[in-house]
file entry_31.cif (mmCIF, C-alpha atoms)
data_upload
loop_
_atom_site.group_PDB
_atom_site.id
_atom_site.type_symbol
_atom_site.label_atom_id
_atom_site.label_comp_id
_atom_site.auth_asym_id
_atom_site.auth_seq_id
_atom_site.Cartn_x
_atom_site.Cartn_y
_atom_site.Cartn_z
ATOM 1 C CA MET A 1 -9.769 -12.973 10.197
ATOM 2 C CA LEU A 2 -7.564 -15.075 7.920
ATOM 3 C CA THR A 3 -7.806 -18.845 8.292
ATOM 4 C CA LEU A 4 -5.195 -21.054 6.714
ATOM 5 C CA GLY A 5 -4.238 -24.687 6.987
ATOM 6 C CA ALA A 6 -1.093 -25.914 8.677
ATOM 7 C CA GLU A 7 0.155 -27.098 5.271
ATOM 8 C CA HIS A 8 -0.220 -23.540 3.899
ATOM 9 C CA LEU A 9 1.700 -22.102 6.810
ATOM 10 C CA ARG A 10 4.437 -24.703 6.471
ATOM 11 C CA SER A 11 4.743 -24.034 2.719
ATOM 12 C CA ILE A 12 5.185 -20.307 3.356
ATOM 13 C CA GLU A 13 7.727 -20.879 6.132
ATOM 14 C CA ILE A 14 9.742 -23.278 3.934
ATOM 15 C CA ALA A 15 9.779 -20.727 1.097
ATOM 16 C CA ALA A 16 10.908 -17.974 3.480
ATOM 17 C CA GLN A 17 13.723 -20.109 4.873
ATOM 18 C CA ALA A 18 14.838 -21.264 1.415
ATOM 19 C CA ALA A 19 15.036 -17.682 0.112
ATOM 20 C CA PHE A 20 17.035 -16.414 3.093
ATOM 21 C CA PRO A 21 18.902 -14.014 3.093
ATOM 22 C CA GLU A 22 16.608 -12.648 0.384
ATOM 23 C CA GLU A 23 12.875 -12.057 0.707
ATOM 24 C CA ALA A 24 10.529 -14.807 -0.424
ATOM 25 C CA CYS A 25 7.150 -13.956 -1.925
ATOM 26 C CA GLY A 26 3.998 -15.460 -3.339
ATOM 27 C CA LEU A 27 0.249 -15.184 -3.677
ATOM 28 C CA LEU A 28 -2.647 -16.270 -1.488
ATOM 29 C CA VAL A 29 -5.855 -17.731 -2.921
ATOM 30 C CA GLY A 30 -9.112 -18.172 -1.061
ATOM 31 C CA HIS A 31 -12.633 -16.953 -0.545
ATOM 32 C CA THR A 32 -14.551 -14.778 1.883
ATOM 33 C CA GLU A 33 -17.140 -16.050 4.336
ATOM 34 C CA ASN A 34 -19.284 -13.926 6.635
ATOM 35 C CA VAL A 35 -18.015 -10.652 5.131
ATOM 36 C CA ASP A 36 -14.688 -10.415 7.007
ATOM 37 C CA ASP A 37 -13.508 -14.028 7.259
ATOM 38 C CA ILE A 38 -11.042 -15.103 4.584
ATOM 39 C CA ILE A 39 -10.438 -18.818 4.144
ATOM 40 C CA LEU A 40 -7.175 -19.623 2.383
ATOM 41 C CA SER A 41 -7.273 -22.474 -0.126
ATOM 42 C CA ALA A 42 -3.903 -22.232 -1.874
ATOM 43 C CA VAL A 43 -0.449 -20.703 -1.641
ATOM 44 C CA ILE A 44 1.247 -19.938 -4.953
ATOM 45 C CA GLY A 45 4.985 -19.348 -4.740
ATOM 46 C CA SER A 46 6.756 -16.853 -6.970
ATOM 47 C CA ASP A 47 10.306 -15.924 -7.723
ATOM 48 C CA ASN A 48 11.241 -12.596 -6.185
ATOM 49 C CA VAL A 49 11.829 -10.498 -9.294
ATOM 50 C CA ALA A 50 12.695 -7.247 -7.507
ATOM 51 C CA PRO A 51 15.403 -5.625 -9.641
ATOM 52 C CA ASP A 52 17.725 -5.089 -6.673
ATOM 53 C CA ALA A 53 18.015 -5.211 -2.871
ATOM 54 C CA ARG A 54 16.093 -8.505 -2.649
ATOM 55 C CA GLU A 55 17.202 -8.821 0.962
ATOM 56 C CA ARG A 56 14.910 -5.824 1.686
ATOM 57 C CA ARG A 57 12.482 -5.814 -1.263
ATOM 58 C CA PHE A 58 10.157 -8.182 -3.028
ATOM 59 C CA GLU A 59 8.215 -8.216 -6.254
ATOM 60 C CA VAL A 60 5.935 -11.074 -7.252
ATOM 61 C CA ASP A 61 6.550 -12.229 -10.814
ATOM 62 C CA PRO A 62 3.788 -10.515 -12.859
ATOM 63 C CA GLY A 63 3.510 -13.617 -15.048
ATOM 64 C CA VAL A 64 2.627 -15.731 -12.001
ATOM 65 C CA ARG A 65 -0.101 -13.281 -11.004
ATOM 66 C CA ILE A 66 -1.540 -12.985 -14.509
ATOM 67 C CA LYS A 67 -1.674 -16.761 -14.914
ATOM 68 C CA LEU A 68 -3.309 -17.164 -11.509
ATOM 69 C CA GLU A 69 -5.951 -14.552 -12.231
ATOM 70 C CA LYS A 70 -6.755 -16.242 -15.561
ATOM 71 C CA ASP A 71 -6.993 -19.617 -13.827
ATOM 72 C CA LEU A 72 -9.375 -18.210 -11.193
ATOM 73 C CA ARG A 73 -11.818 -16.617 -13.667
ATOM 74 C CA GLY A 74 -15.351 -17.870 -13.281
ATOM 75 C CA GLY A 75 -14.684 -19.702 -10.023
ATOM 76 C CA THR A 76 -15.463 -19.016 -6.403
ATOM 77 C CA GLU A 77 -11.817 -18.593 -5.376
ATOM 78 C CA ARG A 78 -9.949 -15.321 -5.818
ATOM 79 C CA LEU A 79 -6.636 -13.661 -5.095
ATOM 80 C CA VAL A 80 -6.946 -12.635 -1.438
ATOM 81 C CA GLY A 81 -3.412 -11.468 -0.739
ATOM 82 C CA HIS A 82 0.269 -12.183 -0.884
ATOM 83 C CA TYR A 83 3.049 -13.208 1.435
ATOM 84 C CA HIS A 84 6.632 -12.153 1.792
ATOM 85 C CA SER A 85 9.410 -12.600 4.289
ATOM 86 C CA HIS A 86 11.578 -10.188 6.227
ATOM 87 C CA PRO A 87 15.062 -11.689 6.571
ATOM 88 C CA ASP A 88 16.402 -10.786 10.005
ATOM 89 C CA GLY A 89 13.370 -8.572 10.495
ATOM 90 C CA PRO A 90 9.996 -8.601 12.211
ATOM 91 C CA ALA A 91 6.751 -9.988 10.814
ATOM 92 C CA ARG A 92 5.257 -6.564 10.223
ATOM 93 C CA PRO A 93 5.123 -4.430 7.093
ATOM 94 C CA SER A 94 7.953 -1.985 6.567
ATOM 95 C CA ALA A 95 7.687 1.641 5.498
ATOM 96 C CA HIS A 96 8.638 0.477 1.996
ATOM 97 C CA ASP A 97 5.824 -2.089 2.078
ATOM 98 C CA LEU A 98 3.377 0.702 2.895
ATOM 99 C CA GLU A 99 4.673 2.753 -0.042
ATOM 100 C CA GLN A 100 4.050 -0.230 -2.341
ATOM 101 C CA ALA A 101 0.568 -1.096 -1.035
ATOM 102 C CA PHE A 102 -2.081 -0.079 -3.545
ATOM 103 C CA GLU A 103 -4.729 -2.798 -3.291
ATOM 104 C CA PRO A 104 -6.694 -2.211 -0.072
ATOM 105 C CA ASP A 105 -8.567 -5.522 -0.227
ATOM 106 C CA LEU A 106 -5.459 -7.716 -0.200
ATOM 107 C CA ILE A 107 -4.005 -9.352 2.886
ATOM 108 C CA TRP A 108 -0.278 -8.943 3.538
ATOM 109 C CA LEU A 109 1.123 -12.032 5.253
ATOM 110 C CA VAL A 110 4.609 -11.271 6.566
ATOM 111 C CA VAL A 111 7.088 -13.873 7.826
ATOM 112 C CA GLY A 112 9.892 -12.882 10.155
ATOM 113 C CA VAL A 113 13.051 -14.920 9.530
ATOM 114 C CA ALA A 114 15.984 -14.896 11.961
ATOM 115 C CA ASP A 115 19.231 -16.647 11.050
ATOM 116 C CA GLY A 116 17.448 -18.552 8.290
ATOM 117 C CA HIS A 117 14.557 -19.807 10.456
ATOM 118 C CA ALA A 118 10.962 -18.568 10.208
ATOM 119 C CA ASN A 119 10.019 -17.392 13.683
ATOM 120 C CA GLU A 120 6.801 -15.414 13.326
ATOM 121 C CA VAL A 121 3.970 -15.021 10.831
ATOM 122 C CA ARG A 122 1.439 -12.201 10.999
ATOM 123 C CA ALA A 123 -1.325 -10.949 8.735
ATOM 124 C CA TRP A 124 -2.046 -7.319 7.893
ATOM 125 C CA LYS A 125 -4.297 -5.175 5.721
ATOM 126 C CA LEU A 126 -4.301 -1.529 4.777
ATOM 127 C CA ALA A 127 -6.219 0.616 7.226
ATOM 128 C CA PRO A 128 -8.969 2.820 5.788
ATOM 129 C CA GLY A 129 -7.320 5.712 3.994
ATOM 130 C CA GLY A 130 -4.179 3.671 3.310
ATOM 131 C CA ALA A 131 -1.869 5.558 5.681
ATOM 132 C CA ALA A 132 -0.968 2.510 7.788
ATOM 133 C CA PHE A 133 -1.411 -1.228 8.126
ATOM 134 C CA GLU A 134 -3.651 -2.827 10.732
ATOM 135 C CA PRO A 135 -3.345 -6.376 12.061
ATOM 136 C CA VAL A 136 -5.624 -9.166 10.877
ATOM 137 C CA ALA A 137 -6.362 -12.090 13.186
ATOM 138 C CA LEU A 138 -4.654 -15.236 11.915
ATOM 139 C CA THR A 139 -5.929 -18.734 12.631
ATOM 140 C CA VAL A 140 -4.304 -22.010 11.637
ATOM 141 C CA ALA A 141 -6.918 -24.732 11.323
ATOM 142 C CA ALA A 142 -7.653 -28.038 9.688
ATOM 143 C CA LEU A 143 -9.449 -27.021 6.516
ATOM 144 C CA ARG A 144 -12.215 -28.988 4.835
ATOM 145 C CA LYS A 145 -11.471 -30.421 1.426
ATOM 146 C CA ALA A 146 -13.493 -28.986 -1.446
ATOM 147 C CA GLN A 147 -15.585 -32.163 -1.807
ATOM 148 C CA ASP A 148 -16.560 -31.934 1.894
ATOM 149 C CA THR A 149 -18.181 -28.508 1.537
#

call {"tool": "encode", "arguments": {"input": "entry_31.cif", "output": "structure tokens"}}
result
Amino acid sequence: MLTLGAEHLRSIEIAAQAAFPEEACGLLVGHTENVDDIILSAVIGSDNVAPDARERRFEVDPGVRIKLEKDLRGGTERLVGHYHSHPDGPARPSAHDLEQAFEPDLIWLVVGVADGHANEVRAWKLAPGGAAFEPVALTVAALRKAQDT
């Protein structure tokens, strides 16, 4: 299960709507509890640096990812996944997404955007063997602040 705060969800939806008709993208930061429960703590936006067809493709800026991974070293938080939008498409990974998936531990959060408005958000992960995606339960909750834990 992936748990994120309403502010995280809103940030992702705003990015998806702002990028329309191109795909938006970014990184998800969090930690794991109870083996399979991922708690999101931050959403890091990125420019879509795909060399072409950005209305159907996304590529997170490698510099954003490298900086994030350096910033996370030695802490309890880690890169847990990424998000991207599907302009005028469903909130499920495409065949191209599956071709590009090479990190089985990362969550894929996909936002469907119709006529410039985010209308659905779903989470996915690679199934064992990597031949398909499988859904991940998504929960929006009020998250505790770090000093409350």

call {"tool": "resolve_selection", "arguments": {"input": "entry_31.cif", "expression": "the PyMOL selection byres ((chain A and resi 68) around 9)", "output": "PyMOL selection string"}}
result
chain A and resi 27+29+44+63-67+69-73+78-79

call {"tool": "residues_around", "arguments": {"input": "entry_31.cif", "residues": "segment 96-99 of chain A", "least_positions_apart": "2", "cutoff": "9 Å", "atoms": "all atoms listed in the file", "output": "short mmCIF file (atom, residue, chain, number, x, y, z; two decimals) with C-alpha atoms, in the frame of the given file"}}
result
data_model
loop_
_atom_site.label_atom_id
_atom_site.label_comp_id
_atom_site.auth_asym_id
_atom_site.auth_seq_id
_atom_site.Cartn_x
_atom_site.Cartn_y
_atom_site.Cartn_z
CA ARG A 56 14.91 -5.82 1.69
CA ARG A 57 12.48 -5.81 -1.26
CA PRO A 93 5.12 -4.43 7.09
CA SER A 94 7.95 -1.98 6.57
CA ALA A 101 0.57 -1.10 -1.03
CA PHE A 102 -2.08 -0.08 -3.54
CA LEU A 126 -4.30 -1.53 4.78
CA GLY A 130 -4.18 3.67 3.31
CA ALA A 131 -1.87 5.56 5.68
CA ALA A 132 -0.97 2.51 7.79
CA PHE A 133 -1.41 -1.23 8.13
#

call {"tool": "residues_around", "arguments": {"input": "entry_31.cif", "residues": "segment 5-19 of chain A", "least_positions_apart": "3", "cutoff": "6 Å", "atoms": "only C-alpha atoms", "output": "ChimeraX atom specification"}}
result
/A:22,24,85,116-118,140-143

call {"tool": "residues_around", "arguments": {"input": "entry_31.cif", "residues": "Ser46 of chain A", "least_positions_apart": "5", "cutoff": "7 Å", "atoms": "only C-alpha atoms", "output": "list in words"}}
result
Cys25, Gly26, Val60, Asp61 and Val64 of chain A

call {"tool": "axis_aligned_box", "arguments": {"input": "entry_31.cif", "around": "segment 36-49 of chain A", "padding_each_side": "8 Å", "output": "JSON"}}
result
{"center_x": -1.4, "center_y": -16.4, "center_z": -1.0, "size_x": 42.5, "size_y": 28.1, "size_z": 32.6}

call {"tool": "residues_around", "arguments": {"input": "entry_31.cif", "residues": "Phe20 of chain A", "least_positions_apart": "6", "cutoff": "8 Å", "atoms": "only C-alpha atoms", "output": "list in words"}}
result
Glu55, Pro87, Val113 and Gly116 of chain A

call {"tool": "write_last_selection", "arguments": {"input": "entry_31.cif", "atoms": "C-alpha atoms", "output": "PDB file, in the coordinates of the input"}}
result
ATOM      1  CA  GLU A  55      17.202  -8.821   0.962  1.00  0.00           C
ATOM      2  CA  PRO A  87      15.062 -11.689   6.571  1.00  0.00           C
ATOM      3  CA  VAL A 113      13.051 -14.920   9.530  1.00  0.00           C
ATOM      4  CA  GLY A 116      17.448 -18.552   8.290  1.00  0.00           C
TER       5      GLY A 116
END

call {"tool": "resolve_selection", "arguments": {"input": "entry_31.cif", "expression": "the PyMOL selection byres ((chain A and resi 40) around 7)", "output": "list in words"}}
result
Thr3, Leu4, Leu28, Val29, Gly30, His31, Ile38, Ile39, Ser41 and Ala42 of chain A

call {"tool": "atom_distance", "arguments": {"input": "entry_31.cif", "atom1": "atom CA of Ala91 of chain A", "atom2": "atom CA of Ala123 of chain A"}}
result
8.4 Å

call {"tool": "closest_residue", "arguments": {"input": "entry_31.cif", "among": "A:Val43, A:Val49, A:Trp108, A:Asn34", "to": "Val136 of chain A", "atoms": "only C-alpha atoms"}}
result
A:Trp108

call {"tool": "residues_near_point", "arguments": {"input": "entry_31.cif", "point": "(-3.9, -9.8, 12.5)", "cutoff": "8 Å", "atoms": "all atoms listed in the file", "output": "VMD selection string"}}
result
chain A and resid 1 to 2 122 to 124 134 to 138

call {"tool": "write_last_selection", "arguments": {"input": "entry_31.cif", "atoms": "C-alpha atoms", "output": "PDB file, in the frame of the given file"}}
result
ATOM      1  CA  MET A   1      -9.769 -12.973  10.197  1.00  0.00           C
ATOM      2  CA  LEU A   2      -7.564 -15.075   7.920  1.00  0.00           C
ATOM      3  CA  ARG A 122       1.439 -12.201  10.999  1.00  0.00           C
ATOM      4  CA  ALA A 123      -1.325 -10.949   8.735  1.00  0.00           C
ATOM      5  CA  TRP A 124      -2.046  -7.319   7.893  1.00  0.00           C
ATOM      6  CA  GLU A 134      -3.651  -2.827  10.732  1.00  0.00           C
ATOM      7  CA  PRO A 135      -3.345  -6.376  12.061  1.00  0.00           C
ATOM      8  CA  VAL A 136      -5.624  -9.166  10.877  1.00  0.00           C
ATOM      9  CA  ALA A 137      -6.362 -12.090  13.186  1.00  0.00           C
ATOM     10  CA  LEU A 138      -4.654 -15.236  11.915  1.00  0.00           C
TER      11      LEU A 138
END

call {"tool": "atom_distance", "arguments": {"input": "entry_31.cif", "atom1": "atom CA of Ala53 of chain A", "atom2": "atom CA of Gly112 of chain A"}}
result
17.2 Å

call {"tool": "atom_distance", "arguments": {"input": "entry_31.cif", "atom1": "atom CA of Asn119 of chain A", "atom2": "atom CA of Val80 of chain A"}}
result
23.2 Å
